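*Asks:* One structure, pasted below without further comment.
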Amino acid sequence: MRALITGGARGLGEAIAERLVSDGGDAVLMDVNDDVVRTAERIAALRPGSIVKSVVGDVTLETDCLRAVTEALDYLGGLDVLVNNAGVGGPSGDLVDNDPADFRRVLEVNLVGVFLVSRQAARVMIQQASGGAIVNIASIFGQRGEAGSGGYSASKGGVIVLTQSLAQELARHSIRVNAVAPGHMTTQMHWDELRSRATTSGRSLEDQVEVTRSSIPLGRHGTGADVASAVAWLVSKDAGYVTGQTLGVNGGIR
């Protein structure tokens, strides 16, 4: 398995890369943060003989997306899997108070970035004529509107519908496209959001964490490994008849 993973420097992207490489795959990690270089080196050490390379680039720039796909081809000799994980939290607070530039930025990273990387990767997969799998990381907040996170919810809702469109278009090439919609995960982005909500509500961070945890039927936050397991299944042959779907990894939240 030859995979390109965006947003691979930390968090969910790092966990996904660890899982795919541990399962025998090779990977190129793309991230705007140059920490991705060290992350790739660390993950490469998990499995002797693996190929794990890094690309520092911005998913909102078409030239960087093309470079990432091109380098994946050079390093790996082909491309079987794309995981679109790169994302930002976006502006918080009421939409009427959001800065339009901040709103546009979250759409550019979370939605347009998925389009730009998928466009380049799909072209390669079509030319290879051997099928492939694309997994887009959406969010539970893309499945329902959430007060205080309109930009983020809109961007992730767009990812879910874009996933369905791509699945329809690429099915004839045996390229499957699915999404994973995480719930409340133990990531830096989530903790930053909880700090913001704690400040707005006048709660302590500890109280805000408990409020969030109490809303999860399974009674705990999700982990990167939880999402990575879902991605590993979706890109495997076991999910060979699954496309155009959004898999919730959310501890039972509805």
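As shown in the structure tokens, the chain order sets the letters A, B, ...; within each chain, residues go from 1, and ligands are also counted from 1 in the order they appear.
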Among region 29-86 of chain A, which ones does DSSP assign to strand (DSSP E) (computed from the backbone)? Answer as a PyMOL selection string.

*Replies:* chain A and resi 29-31+52-56+81-84

*Asks:* If you count only C-alpha atoms, which residues fall within 8 Å of region 89-91 of chain A, apart from same-chain ones fewer than 3 positions away, as a list in words?

*Replies:*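 Counting only C-alpha atoms, the residues come to Asn98, Asp99, Asp102, Phe103, Arg105, Val106, Ser149, Gly151, Tyr152, Met189 and Glu193 of chain A.
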
*Asks:* Can you work out the spacing between CA of Ser229 (chain A) and CA of Arg19 (chain A) in Å, to one decimal?

*Replies:* 7.4 Å

*Asks:* In Å, how far is it from CA of Leu73 (chain A) to CA of Gln128 (chain A)?

*Replies:*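 Computing it gives 11.1 Å between the two atoms.
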
*Asks:* Using only C-alpha atoms, determine which residues lie at most 9 Å from Ile137 (chain A), disregarding the query and same-chain residues fewer than 3 positions distant; provide the list as a PyMOL selection string.

*Replies:* chain A and resi 83-87+156+159-160+178-182

*Asks:* Any chance you could list, as an mmCIF file with C-alpha atoms, in the first residue's frame, the residues in region 56-224 of chain A that come up alpha helix (DSSP H) when DSSP is run on the backbone?

*Replies:*
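This went into part-v2.cif:
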```
data_model
loop_
_atom_site.group_PDB
_atom_site.id
_atom_site.type_symbol
_atom_site.label_atom_id
_atom_site.label_comp_id
_atom_site.auth_asym_id
_atom_site.auth_seq_id
_atom_site.Cartn_x
_atom_site.Cartn_y
_atom_site.Cartn_z
ATOM 1 C CA GLU A 62 -2.357 23.983 -6.094
ATOM 2 C CA THR A 63 1.395 23.962 -6.741
ATOM 3 C CA ASP A 64 2.077 22.376 -3.339
ATOM 4 C CA CYS A 65 -0.613 19.737 -3.904
ATOM 5 C CA LEU A 66 0.870 18.813 -7.272
ATOM 6 C CA ARG A 67 4.345 18.663 -5.720
ATOM 7 C CA ALA A 68 3.145 16.380 -2.911
ATOM 8 C CA VAL A 69 1.559 13.928 -5.334
ATOM 9 C CA THR A 70 4.579 14.053 -7.633
ATOM 10 C CA GLU A 71 6.972 13.379 -4.750
ATOM 11 C CA ALA A 72 4.765 10.535 -3.540
ATOM 12 C CA LEU A 73 5.127 8.975 -6.978
ATOM 13 C CA ASP A 74 8.875 9.502 -6.930
ATOM 14 C CA TYR A 75 9.343 8.092 -3.420
ATOM 15 C CA LEU A 76 6.799 5.278 -3.524
ATOM 16 C CA PRO A 100 -15.207 36.851 6.639
ATOM 17 C CA ALA A 101 -11.481 36.275 6.067
ATOM 18 C CA ASP A 102 -11.415 33.692 8.870
ATOM 19 C CA PHE A 103 -14.536 32.010 7.492
ATOM 20 C CA ARG A 104 -12.994 31.797 4.017
ATOM 21 C CA ARG A 105 -9.765 30.423 5.453
ATOM 22 C CA VAL A 106 -11.445 27.405 7.090
ATOM 23 C CA LEU A 107 -13.244 26.631 3.830
ATOM 24 C CA GLY A 113 -7.742 21.556 0.110
ATOM 25 C CA VAL A 114 -9.559 18.217 -0.159
ATOM 26 C CA PHE A 115 -10.568 19.097 -3.712
ATOM 27 C CA LEU A 116 -7.066 20.159 -4.775
ATOM 28 C CA VAL A 117 -5.232 17.106 -3.423
ATOM 29 C CA SER A 118 -7.944 14.662 -4.530
ATOM 30 C CA ARG A 119 -7.888 16.127 -8.028
ATOM 31 C CA GLN A 120 -4.176 15.447 -8.433
ATOM 32 C CA ALA A 121 -4.207 12.045 -6.721
ATOM 33 C CA ALA A 122 -7.245 10.800 -8.639
ATOM 34 C CA ARG A 123 -5.588 11.638 -11.939
ATOM 35 C CA VAL A 124 -2.651 9.434 -10.962
ATOM 36 C CA MET A 125 -4.891 6.590 -9.795
ATOM 37 C CA ILE A 126 -6.899 6.737 -13.023
ATOM 38 C CA GLN A 127 -3.712 6.581 -15.088
ATOM 39 C CA GLN A 128 -2.421 3.636 -13.057
ATOM 40 C CA GLY A 150 -20.581 27.570 11.646
ATOM 41 C CA GLY A 151 -17.526 27.840 9.427
ATOM 42 C CA TYR A 152 -16.102 24.514 10.580
ATOM 43 C CA SER A 153 -19.469 22.762 10.291
ATOM 44 C CA ALA A 154 -20.004 24.176 6.797
ATOM 45 C CA SER A 155 -16.552 23.077 5.642
ATOM 46 C CA LYS A 156 -16.927 19.536 6.951
ATOM 47 C CA GLY A 157 -20.471 19.233 5.609
ATOM 48 C CA GLY A 158 -19.006 20.167 2.244
ATOM 49 C CA VAL A 159 -16.402 17.427 2.623
ATOM 50 C CA ILE A 160 -19.131 14.832 3.167
ATOM 51 C CA VAL A 161 -21.074 15.832 0.051
ATOM 52 C CA LEU A 162 -17.873 16.165 -2.000
ATOM 53 C CA THR A 163 -17.021 12.610 -0.912
ATOM 54 C CA GLN A 164 -20.325 11.380 -2.334
ATOM 55 C CA SER A 165 -19.774 13.200 -5.632
ATOM 56 C CA LEU A 166 -16.230 11.903 -6.021
ATOM 57 C CA ALA A 167 -17.360 8.371 -5.222
ATOM 58 C CA GLN A 168 -19.899 8.537 -8.055
ATOM 59 C CA GLU A 169 -17.390 9.953 -10.526
ATOM 60 C CA LEU A 170 -14.504 7.619 -9.714
ATOM 61 C CA GLN A 188 -4.865 19.709 20.122
ATOM 62 C CA MET A 189 -7.590 21.222 17.949
ATOM 63 C CA HIS A 190 -10.275 19.803 20.225
ATOM 64 C CA TRP A 191 -8.574 21.005 23.416
ATOM 65 C CA ASP A 192 -8.247 24.486 21.890
ATOM 66 C CA GLU A 193 -11.963 24.458 21.121
ATOM 67 C CA LEU A 194 -12.808 23.394 24.677
ATOM 68 C CA ARG A 195 -10.641 26.185 26.086
ATOM 69 C CA SER A 196 -12.528 28.669 23.922
ATOM 70 C CA ARG A 197 -15.902 27.296 25.017
ATOM 71 C CA ALA A 198 -14.802 27.310 28.667
ATOM 72 C CA THR A 199 -13.876 30.968 28.405
ATOM 73 C CA THR A 200 -17.176 31.830 26.737
ATOM 74 C CA SER A 201 -19.254 29.872 29.255
ATOM 75 C CA LEU A 205 -11.409 23.823 31.394
ATOM 76 C CA GLU A 206 -11.852 20.744 33.577
ATOM 77 C CA ASP A 207 -15.590 21.387 33.871
ATOM 78 C CA GLN A 208 -15.892 21.969 30.140
ATOM 79 C CA VAL A 209 -14.099 18.688 29.413
ATOM 80 C CA GLU A 210 -16.491 16.875 31.740
ATOM 81 C CA VAL A 211 -19.533 18.475 30.079
ATOM 82 C CA THR A 212 -18.294 17.247 26.720
ATOM 83 C CA ARG A 213 -17.390 13.775 27.992
ATOM 84 C CA SER A 214 -20.825 13.359 29.584
ATOM 85 C CA GLY A 224 -6.178 8.894 16.994
#
```

*Asks:* Measure the distance from CA of Ser215 (chain A) to CA of Ile140 (chain A) in Å and round it to one decimal.

*Replies:*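 Separating CA of Ser215 (chain A) from CA of Ile140 (chain A) is a distance of 13.1 Å.
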
*Asks:* Quick one: residues within 9 Å of Val235 (chain A), only C-alpha atoms, excluding same-chain residues fewer than 6 positions away - as a compact mmCIF listing (two decimals) with N, CA and C atoms, in the first residue's frame?

*Replies:*
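For reference, part-v3.txt as written:
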```
# COMPACT_ATOMS: atom_id res chain seq x y z
N ASP A 80 -1.70 4.40 -4.11
CA ASP A 80 -2.89 3.57 -3.93
C ASP A 80 -3.93 4.20 -3.01
N VAL A 81 -3.46 5.03 -2.08
CA VAL A 81 -4.33 5.56 -1.03
C VAL A 81 -4.04 7.04 -0.83
N GLY A 132 -7.98 2.25 -6.38
CA GLY A 132 -7.41 3.04 -5.30
C GLY A 132 -8.48 3.37 -4.27
N ALA A 133 -8.06 4.07 -3.23
CA ALA A 133 -8.99 4.46 -2.16
C ALA A 133 -8.64 5.85 -1.66
N ILE A 134 -9.66 6.67 -1.51
CA ILE A 134 -9.52 8.01 -0.94
C ILE A 134 -10.39 8.06 0.31
N VAL A 135 -9.82 8.54 1.41
CA VAL A 135 -10.59 8.72 2.64
C VAL A 135 -10.45 10.18 3.06
N ARG A 176 -12.42 3.95 -4.80
CA ARG A 176 -13.44 4.14 -3.77
C ARG A 176 -13.15 5.41 -2.97
```

*Asks:* Give the answer as one residue: which of A:Val96, A:Val52, A:Ala9, A:Ala17 has the shortest atom-to-atom distance to Ala232 (chain A), using only C-alpha atoms?

*Replies:* A:Ala17

*Asks:* Quick one: residues within 9 Å of region 20-24 of chain A, only C-alpha atoms counted, chain neighbours fewer than 6 positions away excluded, as JSON, numbers by chain?

*Replies:* {"A": [1, 3, 43, 44, 46, 47, 50, 51, 52, 228, 231, 232]}
